[in-house]
>>> print(open('data32.cif').read())   # mmCIF, C-alpha atoms
data_data
loop_
_atom_site.label_atom_id
_atom_site.label_comp_id
_atom_site.auth_asym_id
_atom_site.auth_seq_id
_atom_site.Cartn_x
_atom_site.Cartn_y
_atom_site.Cartn_z
CA MET X 1 0.00 0.00 0.00
CA ILE X 2 1.27 3.47 -0.88
CA GLN X 3 0.17 6.51 1.08
CA CYS X 4 1.70 9.86 0.14
CA PHE X 5 4.69 8.14 -1.55
CA ARG X 6 5.38 6.12 1.58
CA SER X 7 5.11 2.33 1.90
CA PHE X 8 3.08 0.85 4.75
CA LEU X 9 2.74 -2.71 5.95
CA VAL X 10 -0.95 -3.36 6.71
CA ILE X 11 -1.67 -5.74 9.59
CA SER X 12 -5.13 -7.34 9.59
CA ASP X 13 -4.48 -10.20 11.98
CA PRO X 14 -4.90 -10.20 15.80
CA VAL X 15 -1.89 -12.45 16.41
CA GLN X 16 0.32 -10.01 14.52
CA ALA X 17 -1.37 -7.05 16.22
CA ARG X 18 -0.64 -8.65 19.60
CA HIS X 19 2.99 -9.09 18.56
CA VAL X 20 3.38 -5.39 17.74
CA LEU X 21 1.28 -3.91 20.54
CA ARG X 22 2.19 -6.18 23.45
CA ASP X 23 4.65 -9.03 22.94
CA GLU X 24 7.36 -6.98 21.18
CA ASN X 25 6.09 -3.47 21.85
CA VAL X 26 9.55 -2.14 22.79
CA LYS X 27 10.59 -2.71 19.18
CA TYR X 28 7.93 -0.33 17.85
CA ASP X 29 6.99 3.32 18.32
CA LYS X 30 4.31 5.71 17.01
CA GLY X 31 6.40 6.67 13.98
CA ILE X 32 4.70 9.01 11.52
CA LEU X 33 1.79 9.59 13.92
CA ALA X 34 4.15 11.18 16.44
CA GLU X 35 5.66 13.35 13.70
CA ILE X 36 2.23 14.60 12.62
CA LEU X 37 0.91 15.26 16.13
CA LYS X 38 4.05 16.69 17.75
CA PRO X 39 3.35 20.32 16.69
CA ILE X 40 -0.10 20.05 18.30
CA MET X 41 0.35 17.74 21.28
CA GLY X 42 4.06 18.16 21.95
CA LYS X 43 5.08 15.32 24.25
CA GLY X 44 1.54 14.37 25.24
CA LEU X 45 0.72 10.72 25.87
CA ILE X 46 -0.14 9.87 22.24
CA PRO X 47 2.97 11.17 20.40
CA ALA X 48 5.42 10.93 23.34
CA ASP X 49 8.66 9.01 22.98
CA PRO X 50 8.87 5.82 25.12
CA VAL X 51 10.88 7.43 27.94
CA THR X 52 8.56 10.44 28.31
CA TRP X 53 5.50 8.22 27.94
CA ASN X 54 6.63 5.93 30.78
CA ILE X 55 7.05 8.89 33.13
CA ARG X 56 3.83 10.67 32.21
CA ARG X 57 1.66 7.55 32.18
CA ARG X 58 2.61 6.81 35.79
CA GLN X 59 1.52 10.34 36.70
CA VAL X 60 -1.71 10.53 34.68
CA VAL X 61 -3.23 7.04 35.05
CA PRO X 62 -3.98 7.40 38.82
CA GLY X 63 -6.28 10.29 37.92
CA PHE X 64 -8.73 7.83 36.33
CA HIS X 65 -9.32 6.05 39.64
CA LYS X 66 -12.56 4.41 40.73
CA ALA X 67 -13.94 7.17 42.99
CA TRP X 68 -13.38 9.81 40.31
CA LEU X 69 -15.02 7.71 37.57
CA ASN X 70 -17.99 7.04 39.85
CA HIS X 71 -18.49 10.79 40.28
CA MET X 72 -18.00 11.44 36.56
CA VAL X 73 -21.02 9.29 35.67
CA GLY X 74 -23.29 11.88 37.28
CA LEU X 75 -21.41 14.73 35.60
CA PHE X 76 -21.83 13.02 32.20
CA GLY X 77 -25.57 12.97 32.79
CA TYR X 78 -25.57 16.63 33.83
CA CYS X 79 -23.66 17.65 30.69
CA ASN X 80 -26.27 15.93 28.52
CA GLU X 81 -29.16 18.09 29.73
CA PRO X 82 -28.47 20.97 27.28
CA LEU X 83 -28.27 18.41 24.45
CA ILE X 84 -31.63 16.92 25.39
CA ASP X 85 -33.20 20.41 25.55
CA SER X 86 -31.69 21.25 22.16
CA LEU X 87 -33.01 18.06 20.56
CA ASP X 88 -36.49 18.62 22.02
CA LYS X 89 -36.62 22.08 20.41
CA ILE X 90 -35.42 20.77 17.06
CA CYS X 91 -37.95 17.94 17.07
CA ASP X 92 -40.70 20.50 17.70
CA THR X 93 -39.70 22.41 14.55
CA THR X 94 -37.76 20.90 11.63
CA GLY X 95 -37.44 17.40 13.02
CA LYS X 96 -33.98 17.04 11.44
CA VAL X 97 -30.63 17.27 13.15
CA GLU X 98 -26.97 16.47 12.43
CA MET X 99 -26.38 14.10 15.33
CA GLU X 100 -22.62 13.71 14.93
CA GLU X 101 -22.22 17.47 15.33
CA LYS X 102 -24.39 17.41 18.45
CA PHE X 103 -22.49 14.48 19.92
CA CYS X 104 -19.16 16.19 19.24
CA SER X 105 -20.40 19.23 21.12
CA VAL X 106 -21.60 17.32 24.17
CA ALA X 107 -18.40 15.24 24.23
CA LEU X 108 -16.31 18.41 24.28
CA ASP X 109 -18.48 19.88 27.03
CA ILE X 110 -17.93 16.71 29.06
CA ILE X 111 -14.16 16.91 28.58
CA GLY X 112 -14.22 20.58 29.52
CA LYS X 113 -15.92 19.94 32.86
CA SER X 114 -14.32 16.61 33.77
CA VAL X 115 -10.74 17.28 32.68
CA PHE X 116 -10.40 21.07 33.13
CA ASN X 117 -13.44 22.20 35.18
CA TYR X 118 -14.13 24.54 32.25
CA GLU X 119 -17.50 25.37 30.70
CA PHE X 120 -17.18 25.19 26.91
CA GLY X 121 -20.94 25.43 26.46
CA SER X 122 -20.52 24.17 22.91
CA VAL X 123 -23.97 22.55 22.75
CA LYS X 124 -25.57 25.98 23.18
CA LYS X 125 -23.18 28.09 21.12
CA GLU X 126 -20.05 27.86 19.02
CA SER X 127 -16.95 28.43 21.11
CA PRO X 128 -13.69 29.89 19.73
CA VAL X 129 -11.85 27.16 21.65
CA ILE X 130 -13.88 24.46 19.91
CA LYS X 131 -13.29 26.08 16.52
CA ALA X 132 -9.56 26.07 17.24
CA VAL X 133 -9.68 22.37 18.18
CA TYR X 134 -11.32 21.46 14.89
CA CYS X 135 -8.91 23.58 12.88
CA ALA X 136 -5.99 21.83 14.59
CA LEU X 137 -7.48 18.43 13.75
CA LEU X 138 -7.96 19.44 10.12
CA GLU X 139 -4.34 20.56 9.93
CA ALA X 140 -3.17 17.22 11.34
CA GLU X 141 -5.28 15.42 8.73
CA HIS X 142 -3.88 17.67 5.99
CA ARG X 143 -0.30 16.93 7.04
CA SER X 144 -0.93 13.18 7.07
CA MET X 145 -1.96 13.37 3.40
CA THR X 146 0.67 15.82 2.14
CA PRO X 147 3.80 14.21 0.62
CA ALA X 148 6.15 17.18 1.11
CA PRO X 149 6.33 18.80 4.59
CA TYR X 150 6.32 22.37 3.30
CA TRP X 151 5.55 23.62 6.83
CA ASP X 152 9.18 22.90 7.75
CA LEU X 153 10.51 25.31 5.12
CA PRO X 154 12.02 28.63 6.30
CA PHE X 155 9.39 31.36 6.72
CA ALA X 156 6.54 29.00 5.71
CA ASN X 157 4.73 29.63 8.99
CA GLU X 158 4.82 33.38 8.33
CA LEU X 159 3.96 33.28 4.62
CA VAL X 160 1.38 30.49 4.19
CA PRO X 161 -2.14 31.59 5.27
CA ARG X 162 -3.26 28.16 6.51
CA LEU X 163 -0.13 27.87 8.66
CA ARG X 164 -0.67 31.33 10.13
CA LYS X 165 -4.23 30.28 10.99
CA PHE X 166 -3.01 26.99 12.47
CA ASN X 167 -0.42 28.70 14.67
CA SER X 168 -2.98 31.27 15.77
CA ASP X 169 -5.36 28.47 16.80
CA LEU X 170 -2.60 26.73 18.73
CA ASP X 171 -1.75 29.98 20.51
CA LEU X 172 -5.40 30.33 21.55
CA LEU X 173 -5.57 26.76 22.87
CA ASN X 174 -2.25 27.05 24.69
CA ASP X 175 -3.29 30.34 26.30
CA VAL X 176 -6.54 28.81 27.58
CA LEU X 177 -4.76 25.74 28.95
CA ASP X 178 -1.98 27.82 30.51
CA ASP X 179 -4.57 29.93 32.31
CA LEU X 180 -6.39 26.85 33.62
CA ILE X 181 -3.11 25.31 34.83
CA LYS X 182 -2.13 28.57 36.52
CA ARG X 183 -5.46 28.77 38.36
CA ALA X 184 -5.20 25.15 39.48
CA LYS X 185 -1.64 25.59 40.75
CA ASN X 186 -2.53 28.78 42.61
CA SER X 187 -5.06 26.83 44.68
CA ARG X 188 -3.03 23.65 44.96
CA ILE X 189 -3.60 21.33 47.94
CA VAL X 190 -0.75 18.83 47.91
CA GLU X 191 -1.76 15.29 48.94
CA ASP X 192 -0.59 11.72 48.53
CA ILE X 193 -2.29 9.55 45.92
CA GLU X 194 -4.09 7.54 48.62
CA ASP X 195 -5.67 10.72 50.03
CA LEU X 196 -6.64 11.96 46.57
CA GLU X 197 -8.29 8.66 45.68
CA ALA X 198 -10.23 8.77 48.96
CA ARG X 199 -11.69 12.22 48.25
CA ASP X 200 -15.45 12.63 48.46
CA TYR X 201 -15.89 14.12 45.00
CA SER X 202 -19.49 15.09 45.70
CA LYS X 203 -18.11 17.68 48.15
CA VAL X 204 -15.15 18.88 46.06
CA LYS X 205 -15.64 22.23 44.32
CA ASP X 206 -13.31 21.29 41.48
CA PRO X 207 -13.35 17.50 40.81
CA SER X 208 -11.45 17.77 37.51
CA LEU X 209 -8.58 15.59 36.37
CA LEU X 210 -6.40 18.71 36.18
CA ARG X 211 -7.10 19.34 39.87
CA PHE X 212 -5.95 15.79 40.69
CA LEU X 213 -2.74 16.07 38.63
CA VAL X 214 -1.83 19.41 40.19
CA ASP X 215 -2.58 18.28 43.76
CA MET X 216 -0.77 14.95 43.49
CA ARG X 217 2.35 14.92 45.63
CA GLY X 218 5.47 14.28 43.59
CA ALA X 219 3.84 15.46 40.37
CA ASP X 220 5.78 18.71 40.03
CA VAL X 221 5.69 18.52 36.25
CA ASP X 222 6.40 21.69 34.33
CA ASN X 223 3.54 23.61 32.77
CA LYS X 224 4.47 22.67 29.21
CA GLN X 225 4.33 18.92 29.84
CA LEU X 226 1.05 19.26 31.70
CA ARG X 227 -0.31 21.40 28.88
CA ASP X 228 0.76 18.78 26.32
CA ASP X 229 -1.09 16.07 28.27
CA LEU X 230 -4.22 18.21 28.53
CA MET X 231 -4.06 19.17 24.85
CA THR X 232 -3.93 15.48 23.97
CA MET X 233 -7.05 14.78 26.03
CA LEU X 234 -8.87 17.79 24.62
CA ILE X 235 -8.20 17.01 20.97
CA ALA X 236 -8.24 13.21 20.99
CA GLY X 237 -10.74 12.62 23.77
CA HIS X 238 -14.00 13.49 22.05
CA GLU X 239 -13.83 11.79 18.65
CA THR X 240 -14.38 8.21 19.81
CA THR X 241 -17.45 9.15 21.83
CA ALA X 242 -19.07 11.23 19.09
CA ALA X 243 -18.44 8.54 16.47
CA VAL X 244 -19.69 5.60 18.52
CA LEU X 245 -22.86 7.44 19.54
CA THR X 246 -23.66 8.44 15.95
CA TRP X 247 -23.15 4.91 14.64
CA ALA X 248 -24.98 3.36 17.61
CA LEU X 249 -28.11 5.38 16.84
CA PHE X 250 -27.73 4.49 13.15
CA GLU X 251 -27.61 0.76 13.91
CA LEU X 252 -30.41 0.89 16.47
CA THR X 253 -32.71 2.59 13.96
CA ARG X 254 -31.84 -0.14 11.44
CA HIS X 255 -32.53 -2.84 14.04
CA PRO X 256 -35.73 -1.83 15.87
CA GLU X 257 -35.79 -5.09 17.84
CA GLU X 258 -32.47 -4.11 19.45
CA MET X 259 -33.75 -0.58 20.05
CA VAL X 260 -36.70 -2.05 21.95
CA ARG X 261 -34.35 -4.10 24.14
CA VAL X 262 -32.19 -1.06 24.95
CA ARG X 263 -35.17 1.11 25.84
CA GLU X 264 -36.73 -1.63 27.96
CA GLU X 265 -33.46 -1.99 29.86
CA ILE X 266 -33.23 1.79 30.37
CA ASP X 267 -36.86 1.97 31.57
CA ARG X 268 -36.31 -0.94 33.96
CA VAL X 269 -33.06 0.31 35.48
CA VAL X 270 -33.14 4.13 35.45
CA GLY X 271 -36.35 5.45 33.94
CA ASP X 272 -35.78 9.10 33.08
CA ARG X 273 -33.27 9.94 35.83
CA ILE X 274 -29.51 10.35 35.46
CA PRO X 275 -27.85 6.92 35.86
CA THR X 276 -25.28 6.00 38.48
CA MET X 277 -22.24 3.76 38.11
CA GLU X 278 -24.22 0.83 39.52
CA ASP X 279 -26.97 1.48 36.96
CA ILE X 280 -24.44 1.40 34.11
CA LYS X 281 -23.02 -1.89 35.37
CA GLU X 282 -26.53 -3.36 35.47
CA MET X 283 -27.34 -2.24 31.91
CA LYS X 284 -25.22 -4.90 30.22
CA PHE X 285 -27.11 -4.99 26.93
CA THR X 286 -26.76 -1.23 26.45
CA ARG X 287 -23.02 -1.56 27.04
CA LEU X 288 -22.93 -4.43 24.52
CA VAL X 289 -24.56 -2.13 21.97
CA VAL X 290 -21.72 0.35 22.51
CA ALA X 291 -19.15 -2.46 22.26
CA GLU X 292 -20.64 -3.88 19.06
CA THR X 293 -20.77 -0.41 17.53
CA LEU X 294 -17.07 0.01 18.28
CA ARG X 295 -16.41 -3.34 16.63
CA LEU X 296 -18.18 -2.38 13.42
CA TYR X 297 -17.01 1.24 13.42
CA PRO X 298 -13.72 1.50 15.33
CA GLU X 299 -12.51 5.06 15.95
CA PRO X 300 -9.75 5.38 14.97
CA PRO X 301 -10.03 2.61 12.33
CA LEU X 302 -6.29 1.98 12.41
CA LEU X 303 -3.23 2.31 14.63
CA ILE X 304 0.12 3.53 13.30
CA ARG X 305 3.47 2.08 14.30
CA ARG X 306 7.08 2.12 13.09
CA CYS X 307 9.59 -0.67 13.62
CA ARG X 308 12.60 0.38 15.74
CA GLU X 309 14.38 -2.98 15.70
CA GLU X 310 14.24 -5.79 13.15
CA ASN X 311 12.08 -8.72 14.29
CA VAL X 312 10.12 -11.69 12.96
CA MET X 313 6.36 -11.25 12.60
CA PRO X 314 4.34 -14.34 13.63
CA LYS X 315 2.24 -16.18 11.05
CA GLY X 316 -1.13 -15.79 12.74
CA GLY X 317 -3.93 -16.39 10.26
CA SER X 318 -1.77 -15.57 7.23
CA GLU X 319 0.08 -18.09 5.07
CA THR X 320 3.63 -17.10 5.96
CA GLN X 321 5.62 -15.26 8.57
CA GLY X 322 8.10 -12.56 7.64
CA THR X 323 10.79 -10.22 8.89
CA VAL X 324 9.93 -6.64 9.75
CA ILE X 325 12.89 -4.38 9.02
CA ARG X 326 13.91 -1.35 11.05
CA GLY X 327 12.17 1.84 9.91
CA MET X 328 9.18 0.09 8.34
CA ASP X 329 5.89 1.96 8.86
CA MET X 330 2.70 -0.01 9.41
CA PHE X 331 -1.04 0.31 9.80
CA ILE X 332 -2.72 -2.04 12.24
CA SER X 333 -6.16 -2.11 10.64
CA LEU X 334 -8.68 -2.38 13.46
CA TYR X 335 -11.42 -2.22 10.84
CA ASN X 336 -10.09 -5.28 8.98
CA ILE X 337 -9.54 -7.26 12.19
CA HIS X 338 -12.99 -6.40 13.56
CA HIS X 339 -14.65 -7.30 10.24
CA SER X 340 -12.79 -10.56 9.66
CA GLU X 341 -14.95 -13.69 9.33
CA THR X 342 -11.93 -15.65 10.56
CA PHE X 343 -12.32 -14.18 14.03
CA TRP X 344 -15.92 -12.91 14.11
CA PRO X 345 -18.67 -15.12 12.58
CA ASN X 346 -21.19 -13.06 10.58
CA ALA X 347 -18.81 -10.16 11.03
CA GLU X 348 -20.90 -7.65 9.07
CA LYS X 349 -24.00 -8.26 11.18
CA PHE X 350 -24.89 -5.88 14.03
CA ASP X 351 -25.14 -8.41 16.85
CA PRO X 352 -24.51 -7.11 20.40
CA ASP X 353 -25.15 -10.59 21.80
CA ARG X 354 -22.07 -11.96 20.01
CA PHE X 355 -20.04 -10.84 23.02
CA THR X 356 -21.96 -13.29 25.23
CA ARG X 357 -20.82 -16.29 23.12
CA PRO X 358 -17.30 -17.79 23.18
CA TYR X 359 -15.60 -18.44 19.86
CA SER X 360 -12.37 -20.01 18.66
CA ASN X 361 -10.94 -20.95 15.27
CA PRO X 362 -8.83 -24.12 15.02
CA ASP X 363 -7.49 -22.90 11.67
CA VAL X 364 -5.54 -20.22 13.58
CA PRO X 365 -3.84 -22.12 16.40
CA GLU X 366 -1.85 -19.05 17.54
CA TRP X 367 -5.11 -17.18 18.27
CA LYS X 368 -6.58 -18.03 21.69
CA GLY X 369 -10.13 -17.12 20.69
CA TYR X 370 -12.78 -14.99 22.36
CA ASP X 371 -13.86 -15.81 25.93
CA PRO X 372 -16.61 -13.66 27.51
CA ALA X 373 -15.57 -14.85 30.98
CA LYS X 374 -12.32 -12.91 30.62
CA TRP X 375 -14.03 -9.52 30.80
CA GLU X 376 -16.36 -10.34 33.68
CA GLY X 377 -16.48 -7.38 36.08
CA LYS X 378 -15.23 -4.95 33.43
CA LEU X 379 -17.24 -2.40 31.47
CA TYR X 380 -16.57 -3.76 27.99
CA PRO X 381 -14.93 -6.74 26.20
CA THR X 382 -11.20 -6.11 26.57
CA GLU X 383 -8.46 -6.88 24.06
CA ASN X 384 -7.36 -9.82 26.22
CA SER X 385 -10.82 -11.39 26.19
CA ALA X 386 -10.62 -11.59 22.38
CA ASP X 387 -6.84 -12.13 22.17
CA PHE X 388 -6.45 -8.85 20.28
CA ALA X 389 -9.26 -9.49 17.78
CA TYR X 390 -11.14 -6.61 19.45
CA LEU X 391 -9.15 -3.40 19.85
CA PRO X 392 -11.42 -0.34 20.12
CA PHE X 393 -8.96 1.30 22.53
CA GLY X 394 -5.80 -0.34 21.25
CA GLY X 395 -3.93 -2.82 23.41
CA GLY X 396 -0.70 -3.51 25.20
CA ALA X 397 1.42 -0.97 27.03
CA ARG X 398 0.19 2.05 25.06
CA LYS X 399 -3.49 1.26 25.21
CA CYS X 400 -5.76 4.29 25.64
CA ILE X 401 -5.81 5.20 29.35
CA GLY X 402 -9.30 6.69 29.02
CA ASP X 403 -11.05 3.48 27.90
CA ASP X 404 -13.39 3.23 30.90
CA PHE X 405 -13.99 6.99 30.82
CA ALA X 406 -15.01 6.84 27.14
CA THR X 407 -17.18 3.75 27.65
CA LEU X 408 -19.04 5.36 30.54
CA GLU X 409 -19.40 8.65 28.67
CA ALA X 410 -20.89 6.96 25.60
CA THR X 411 -23.19 4.70 27.62
CA VAL X 412 -24.54 7.51 29.81
CA THR X 413 -25.17 9.73 26.79
CA LEU X 414 -26.96 6.93 24.93
CA VAL X 415 -29.10 6.25 28.01
CA ARG X 416 -30.04 9.92 28.38
CA ILE X 417 -30.89 10.31 24.69
CA LEU X 418 -33.11 7.21 24.61
CA SER X 419 -34.79 7.58 28.03
#
>>> encode(input="data32.cif", output="structure tokens")
Amino acid sequence: MIQCFRSFLVISDPVQARHVLRDENVKYDKGILAEILKPIMGKGLIPADPVTWNIRRRQVVPGFHKAWLNHMVGLFGYCNEPLIDSLDKICDTTGKVEMEEKFCSVALDIIGKSVFNYEFGSVKKESPVIKAVYCALLEAEHRSMTPAPYWDLPFANELVPRLRKFNSDLDLLNDVLDDLIKRAKNSRIVEDIEDLEARDYSKVKDPSLLRFLVDMRGADVDNKQLRDDLMTMLIAGHETTAAVLTWALFELTRHPEEMVRVREEIDRVVGDRIPTMEDIKEMKFTRLVVAETLRLYPEPPLLIRRCREENVMPKGGSETQGTVIRGMDMFISLYNIHHSETFWPNAEKFDPDRFTRPYSNPDVPEWKGYDPAKWEGKLYPTENSADFAYLPFGGGARKCIGDDFATLEATVTLVRILS
């Protein structure tokens, strides 16, 4: 496959994906993805080099602890109220609405409150911050499809209008984040992780993730690194939720029998109130709808890696194994893996109940199959339960740290929309 005059190895096999993402992950890095995102996210968790990533992950992951996620479920419901009001008004008039746009707005509002304690209010009105986020994403997309990096040329950033606009948007985003970090640090209450995790978030004025990271003892990270981490969450954190919600509604309207089951479960468990964490755990079928939507429509549909050290790729379900040379770029196609009949019977069918049934394929002895018992007690089928045939949040060491956050956010929003 050739993309912008560059060769890519495309991986469409879970055994090979497991090899790259987990078994031999030290021999791979983010490659071209890091190069594209570095101007936007700096050394944030997605584009960070392995050394920086190891340090920052240990600092950021504790922020997604159980007590905080429990409190966030209620906040997710609160943030959906303006969306519900907006949809009610639209249904009373035109009856038509661009749902992906609405879901993007509510996802950004949720990130604003939960991560920064900041009111974007993007469901009600267009925010300059939100416009800057989208412009930054468009620039990243543009760079991924442009063969010659003209933005690295001398004076290009001063002379090219789109680059001037891009840099202006980044300045706006950085200024907003710097101000939020400054405010949080000015009111810092230094505590050990154990004390932070024991906080009663219902009584905390600012329960944001930023507040946790600033207050955590031993987390004296400089403002730039903290800003890079927050920028990563702001820009990357809303797309998965907006996409899965849009496609979930699409599939439920195509499968009215499944829509009936979801609404019956919502009526039985929560009615028209905002759900709690225990409610979400009880609504297994609704969570399976989210999981099946992410199987059919993974966001992102591929992961990008670059080989740092020559190694032998396992055979998996392919006919031969081969050597991956240093410097080789690759796409791990989540879409191809999720849609493969080799690993998912009737792969094109929208079937949330498939995650309740075990499956294995003797024709691929290196693949351990799918076992629903392996994700018991978790919010969604993990990569380990399907031996890397299901990777909505990636897998291995650099798996998305916000997987439970995103699953809860999508499930709560779907519940509120359909209640």
>>> resolve_selection(input="data32.cif", expression="the PyMOL selection byres ((chain X and resi 380) around 12)", output="PyMOL selection string")
chain X and resi 280-281+283-295+352+355-356+372-379+381-386+390-393+403-408+410-411
>>> resolve_selection(input="data32.cif", expression="the PyMOL selection byres ((chain X and resi 100-107) around 9)", output="ChimeraX atom specification")
/X:76,79-80,82-83,87,97-99,108-112,120-124,126,130,237-239,241-243,245-247,409-410,413
>>> resolve_selection(input="data32.cif", expression="the PyMOL selection byres ((chain X and resi 202-210) around 8)", output="list in words")
Gly63, Phe64, Trp68, His71, Lys113, Ser114, Val115, Phe116, Asn117, Ile181, Ala184, Arg199, Asp200, Tyr201, Arg211, Phe212, Leu213, Val214 and Leu230 of chain X
>>> write_last_selection(input="data32.cif", atoms="C-alpha atoms", output="PDB file, in the coordinates of the input")
ATOM      1  CA  GLY X  63      -6.280  10.290  37.920  1.00  0.00           C
ATOM      2  CA  PHE X  64      -8.730   7.830  36.330  1.00  0.00           C
ATOM      3  CA  TRP X  68     -13.380   9.810  40.310  1.00  0.00           C
ATOM      4  CA  HIS X  71     -18.490  10.790  40.280  1.00  0.00           C
ATOM      5  CA  LYS X 113     -15.920  19.940  32.860  1.00  0.00           C
ATOM      6  CA  SER X 114     -14.320  16.610  33.770  1.00  0.00           C
ATOM      7  CA  VAL X 115     -10.740  17.280  32.680  1.00  0.00           C
ATOM      8  CA  PHE X 116     -10.400  21.070  33.130  1.00  0.00           C
ATOM      9  CA  ASN X 117     -13.440  22.200  35.180  1.00  0.00           C
ATOM     10  CA  ILE X 181      -3.110  25.310  34.830  1.00  0.00           C
ATOM     11  CA  ALA X 184      -5.200  25.150  39.480  1.00  0.00           C
ATOM     12  CA  ARG X 199     -11.690  12.220  48.250  1.00  0.00           C
ATOM     13  CA  ASP X 200     -15.450  12.630  48.460  1.00  0.00           C
ATOM     14  CA  TYR X 201     -15.890  14.120  45.000  1.00  0.00           C
ATOM     15  CA  ARG X 211      -7.100  19.340  39.870  1.00  0.00           C
ATOM     16  CA  PHE X 212      -5.950  15.790  40.690  1.00  0.00           C
ATOM     17  CA  LEU X 213      -2.740  16.070  38.630  1.00  0.00           C
ATOM     18  CA  VAL X 214      -1.830  19.410  40.190  1.00  0.00           C
ATOM     19  CA  LEU X 230      -4.220  18.210  28.530  1.00  0.00           C
TER      20      LEU X 230
END
>>> atom_distance(input="data32.cif", atom1="CA of Gly44 (chain X)", atom2="CA of Val324 (chain X)")
27.4 Å
>>> residues_near_point(input="data32.cif", point="(12.5, 1.4, 13.2)", cutoff="7 Å", atoms="all atoms listed in the file", output="PyMOL selection string")
chain X and resi 28+306-309+326-328
>>> write_last_selection(input="data32.cif", atoms="C-alpha atoms", output="JSON list (two decimals), keeping the file's coordinate frame")
[["chain", "number", "residue", "atom", "x", "y", "z"],
["X", 28, "TYR", "CA", 7.93, -0.33, 17.85],
["X", 306, "ARG", "CA", 7.08, 2.12, 13.09],
["X", 307, "CYS", "CA", 9.59, -0.67, 13.62],
["X", 308, "ARG", "CA", 12.60, 0.38, 15.74],
["X", 309, "GLU", "CA", 14.38, -2.98, 15.70],
["X", 326, "ARG", "CA", 13.91, -1.35, 11.05],
["X", 327, "GLY", "CA", 12.17, 1.84, 9.91],
["X", 328, "MET", "CA", 9.18, 0.09, 8.34]]
>>> atom_distance(input="data32.cif", atom1="CA of Pro62 (chain X)", atom2="CA of Ile193 (chain X)")
7.6 Å
>>> closest_residue(input="data32.cif", among="X:Ser360, X:Asn157, X:Asn223, X:Gln16", to="Asp175 (chain X)", atoms="only C-alpha atoms")
X:Asn223
>>> atom_distance(input="data32.cif", atom1="CA of Tyr335 (chain X)", atom2="CA of Pro298 (chain X)")
6.3 Å
>>> residues_around(input="data32.cif", residues="Val312 (chain X)", least_positions_apart="2", cutoff="8 Å", atoms="only C-alpha atoms", output="JSON, numbers by chain")
{"X": [310, 314, 321, 322, 323, 324]}
>>> write_last_selection(input="data32.cif", atoms="C-alpha atoms", output="PDB file, in the frame of the given file")
ATOM      1  CA  GLU X 310      14.240  -5.790  13.150  1.00  0.00           C
ATOM      2  CA  PRO X 314       4.340 -14.340  13.630  1.00  0.00           C
ATOM      3  CA  GLN X 321       5.620 -15.260   8.570  1.00  0.00           C
ATOM      4  CA  GLY X 322       8.100 -12.560   7.640  1.00  0.00           C
ATOM      5  CA  THR X 323      10.790 -10.220   8.890  1.00  0.00           C
ATOM      6  CA  VAL X 324       9.930  -6.640   9.750  1.00  0.00           C
TER       7      VAL X 324
END
>>> closest_residue(input="data32.cif", among="X:Glu158, X:Asp387, X:Asp171, X:Glu24", to="Pro365 (chain X)", atoms="only C-alpha atoms")
X:Asp387
>>> closest_residue(input="data32.cif", among="X:Glu119, X:Glu341, X:Glu191, X:Asp92", to="Asn361 (chain X)", atoms="only C-alpha atoms")
X:Glu341
>>> closest_residue(input="data32.cif", among="X:Val51, X:Ile274, X:Leu45, X:Leu196", to="Asp228 (chain X)", atoms="all atoms listed in the file")
X:Leu45
>>> closest_residue(input="data32.cif", among="X:Asn70, X:Asn336, X:Ser12, X:Gln59", to="Glu278 (chain X)", atoms="all atoms listed in the file")
X:Asn70
>>> closest_residue(input="data32.cif", among="X:Ile46, X:Lys96, X:Glu197, X:Ile84", to="Ile417 (chain X)", atoms="only C-alpha atoms")
X:Ile84
>>> decode(input="data32.cif", residues="region 77-89 of chain X", atoms="C-alpha atoms", output="compact mmCIF listing (two decimals), in the first residue's frame")
# COMPACT_ATOMS: atom_id res chain seq x y z
CA GLY X 77 -25.57 12.97 32.79
CA TYR X 78 -25.57 16.63 33.83
CA CYS X 79 -23.66 17.65 30.69
CA ASN X 80 -26.27 15.93 28.52
CA GLU X 81 -29.16 18.09 29.73
CA PRO X 82 -28.47 20.97 27.28
CA LEU X 83 -28.27 18.41 24.45
CA ILE X 84 -31.63 16.92 25.39
CA ASP X 85 -33.20 20.41 25.55
CA SER X 86 -31.69 21.25 22.16
CA LEU X 87 -33.01 18.06 20.56
CA ASP X 88 -36.49 18.62 22.02
CA LYS X 89 -36.62 22.08 20.41
